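Contents: one structure, followed by commentary.
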Amino acid sequence: MRIGFVGLGIMGKPMVRNLLKAGHEVIVYDVVTPNVELMVKEGAIAASSSKAVGEQCSLVITMLPNGPHVLSVCIGENGLLAGMKPGSILIDMSSIAPLVSQQVEKACVEHSIRMLDAPVSGGEPKAIDGTLSIMVGGDEELFKEVYDVLNVMGSSVVLCGKVGAGNTTKLANQIIVALNIAAVSEAFMLSTKAGVDPEKVFAAIRGGLAGSTVMNAKVPMILEGNFKPGFKNVLHIKDLDNAIETGHSVGAPLPLTVAVMEMLQNINLDGHGQDDHSAIVTYYEKLANTMIRKS
Ligand code: NAD
């Protein structure tokens with residue numbers, strides 16, 4: 001089928017590649033022209049604006065940094081809703097505040113457009129493999145209707161509740177990932193300062209209860225001092241900001257999230273904002289004046 005796709009960054013590009021590979025025709029737009037040109041070289045068709053994508057497609061996917069970008073692409077001037085026909089489907093796969101998803105849904109309803117929020121977890125490697133975990137919010141019938149398209153990009157596609165529930169689930173995911181990286185950093189600093197080789201610590205504990213997908217993905221990066229994103233610290237700051245705001249609005253105190261948020265703020269000030277979130281370790285390295293690296 002013909003699918004519109006807006007937002008061709010680290011995640012959007014491999015997701016578009018998988019849609020093309022599955023035989024879909026993909027109409028793309030991004031404010032960064034080289035991203036569009038690259039996708040056109042690989043078989044996508046360029047549109048001149050989000051509105052133009054909406055005019056040509058009855059199903060449009062967005063993969064943008066945060067709520068303000070989604071609002072601008074969907075309901076802004078020259079936005080998707082100005083072009084999409086009644087009955088069309090919008091799937092926002094960006095990680096944004098659940099309240100903003102609901103705000104977009106309200107605008108969609110006014111245009112008779114059906115909408116799901118469907119943020120993802122798994123990062124660039126799983127976007128490339130088409131094995132993302134996709135957390136969906138919205139109507140069950142609509143979920144069933146688009147399941148096969150989502151399944152091209154993800155190996156786990158779960159309906160979590162109404163619109164906004166996908167992003168609430170994603171915020172829970174992001175809290176666990178950030179706190180897990182901080183816990184790994186803290187524990188590996190302890191063992192490094194105590195003179196135990198971090199490679200041996202990793203080998204010894206990764207298969208036990210402390211082991212995790214986060215540990216397996218991030219410890220090798222930390223040991224190499226390789227902080228190429230991956231998932232940028234500025235995006236994790238955005239997610240924790242959305243989590244803290246949502247926590248306040250629903251009455252859920254998030255003390256550990258706030259602590260790790262302050263670590264992220266600090267490393268952002270130190271110039272690591274565009275690095276991978278495994279660079280949370282640099283906060284501990286500064287505190288302890290010691291690097292955690294392969295010997
Ligand atoms: P990115 O910054 O690499 O890509 C975002 C893209 O959106 C960019 O190409 C940018 O030019 C484009 N864009 C911004 N404003 C636009 C506009 N008004 N019109 C058209 N295009 C616009 O970000 P990413 O890493 O691909 O992440 C996208 C979303 O997925 C974020 O919400 C992020 O939190 C989430 N996410 C990322 C990862 C990851 O590992 N990178 C993992 C899971 C979820």
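Chain labels run A, B, ... following the order of the structure tokens; each chain numbers its residues from 1, and ligands are numbered from 1 in the order shown.
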Step by step, measure atom-to-atom distances between ligand 1 and each residue using only C-alpha atoms and all ligand atoms, keep those at most 8 Å, then write them as a PyMOL selection string.
chain A and resi 6-13+29-32+35+49-50+63-66+69-70+72-73+93-96+119-124+229-232+235-236+238-239
Name the residues in contact with range 272-276 of chain A at a cut-off of 9 Å, using only C-alpha atoms, excluding same-chain residues fewer than 2 positions from it; report them as a CSV table (one decimal) with N, CA, C and O atoms, in the first residue's frame.
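The resulting file, part-v5.csv, is shown below:
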```csv
chain,number,residue,atom,x,y,z
A,226,ASN,N,32.9,4.4,23.6
A,226,ASN,CA,32.3,4.7,22.4
A,226,ASN,C,30.9,5.2,22.7
A,226,ASN,O,30.0,4.4,23.0
A,227,PHE,N,30.7,6.5,22.6
A,227,PHE,CA,29.4,7.1,22.9
A,227,PHE,C,28.6,7.6,21.7
A,227,PHE,O,27.8,8.6,21.7
A,228,LYS,N,28.9,7.0,20.5
A,228,LYS,CA,28.2,7.4,19.3
A,228,LYS,C,26.8,7.0,19.4
A,228,LYS,O,26.5,5.8,19.7
A,229,PRO,N,25.8,7.9,19.2
A,229,PRO,CA,24.4,7.5,19.3
A,229,PRO,C,23.9,6.7,18.1
A,229,PRO,O,24.4,6.9,17.0
A,230,GLY,N,23.1,5.6,18.2
A,230,GLY,CA,22.3,5.3,19.4
A,230,GLY,C,21.2,6.3,19.7
A,230,GLY,O,20.5,6.9,18.9
A,231,PHE,N,21.0,6.4,21.0
A,231,PHE,CA,19.9,7.2,21.6
A,231,PHE,C,20.6,8.3,22.3
A,231,PHE,O,21.3,8.2,23.3
A,232,LYS,N,20.3,9.6,21.8
A,232,LYS,CA,21.0,10.7,22.3
A,232,LYS,C,20.5,11.1,23.7
A,232,LYS,O,19.3,11.1,24.0
A,233,ASN,N,21.5,11.7,24.5
A,233,ASN,CA,21.1,12.2,25.8
A,233,ASN,C,20.0,13.2,25.8
A,233,ASN,O,19.2,13.2,26.7
A,234,VAL,N,20.1,14.1,24.8
A,234,VAL,CA,19.1,15.1,24.8
A,234,VAL,C,17.7,14.5,24.6
A,234,VAL,O,16.7,15.1,25.1
A,235,LEU,N,17.6,13.4,23.9
A,235,LEU,CA,16.3,12.8,23.7
A,235,LEU,C,15.8,12.1,25.0
A,235,LEU,O,14.7,12.1,25.4
A,237,ILE,N,16.7,13.2,28.0
A,237,ILE,CA,16.3,14.3,28.9
A,237,ILE,C,14.8,14.7,28.5
A,237,ILE,O,14.0,14.9,29.4
A,264,LEU,N,21.7,13.7,33.8
A,264,LEU,CA,21.7,13.9,32.4
A,264,LEU,C,21.9,15.4,32.1
A,264,LEU,O,22.5,15.8,31.1
A,265,GLN,N,21.2,16.3,32.9
A,265,GLN,CA,21.4,17.7,32.8
A,265,GLN,C,22.9,18.1,32.9
A,265,GLN,O,23.4,18.9,32.1
A,266,ASN,N,23.5,17.5,33.8
A,266,ASN,CA,25.0,17.8,34.1
A,266,ASN,C,25.8,17.3,32.9
A,266,ASN,O,26.7,18.1,32.4
A,267,ILE,N,25.6,16.1,32.4
A,267,ILE,CA,26.4,15.7,31.2
A,267,ILE,C,26.1,16.5,30.0
A,267,ILE,O,27.0,16.7,29.1
A,268,ASN,N,24.9,17.0,29.9
A,268,ASN,CA,24.5,17.8,28.7
A,268,ASN,C,25.3,19.1,28.8
A,268,ASN,O,25.9,19.6,27.8
A,269,LEU,N,25.4,19.7,30.0
A,269,LEU,CA,26.2,20.9,30.2
A,269,LEU,C,27.7,20.7,29.9
A,269,LEU,O,28.4,21.6,29.5
A,270,ASP,N,28.1,19.4,30.2
A,270,ASP,CA,29.5,19.1,29.9
A,270,ASP,C,29.8,18.8,28.4
A,270,ASP,O,30.9,18.3,28.0
A,278,SER,N,24.5,6.0,27.0
A,278,SER,CA,25.5,5.3,27.8
A,278,SER,C,26.6,6.2,28.4
A,278,SER,O,27.3,5.9,29.4
A,279,ALA,N,26.6,7.5,27.9
A,279,ALA,CA,27.5,8.5,28.4
A,279,ALA,C,27.1,9.0,29.8
A,279,ALA,O,27.8,9.8,30.4
A,280,ILE,N,26.0,8.5,30.3
A,280,ILE,CA,25.7,8.7,31.7
A,280,ILE,C,26.9,8.3,32.6
A,280,ILE,O,27.1,9.0,33.7
A,282,THR,N,29.8,9.0,32.2
A,282,THR,CA,30.8,10.1,32.3
A,282,THR,C,30.5,11.0,33.6
A,282,THR,O,31.4,11.6,34.1
```
Between A:Gly247, A:Glu42, A:Met189, A:Asn216, which one has atoms that come closest to Ile175 in chain A, using only C-alpha atoms?
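For Ile175 in chain A, the nearest of the candidates is A:Gly247.
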Among range 24-138 of chain A, which ones does DSSP place in strand (DSSP E), written as a PyMOL selection string?
chain A and resi 25-29+45-46+59-62+89-92+114-117+120-121+132-137
May I ask which of the residues A:Gly161, A:Gly4, A:Gly54, A:Gly138 is the closest one to Met84 in chain A, counting only C-alpha atoms?
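Distance minimum relative to Met84 in chain A lands on A:Gly54.
One distance worth recording is that between CA of Gly225 in chain A and CA of Lys294 in chain A, which is 8.8 Å.
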Within 10 Å of Ala182 in chain A, counting only C-alpha atoms, which residues qualify if same-chain residues fewer than 5 places away don't, as a PyMOL selection string?
chain A and resi 176-177+187-188+259-260+263-264+277-281+283-284
Computed interatomic separation between CA of Ala288 in chain A and CA of Ala194 in chain A (Å)
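According to the coordinates, CA of Ala288 in chain A and CA of Ala194 in chain A are separated by 11.8 Å.
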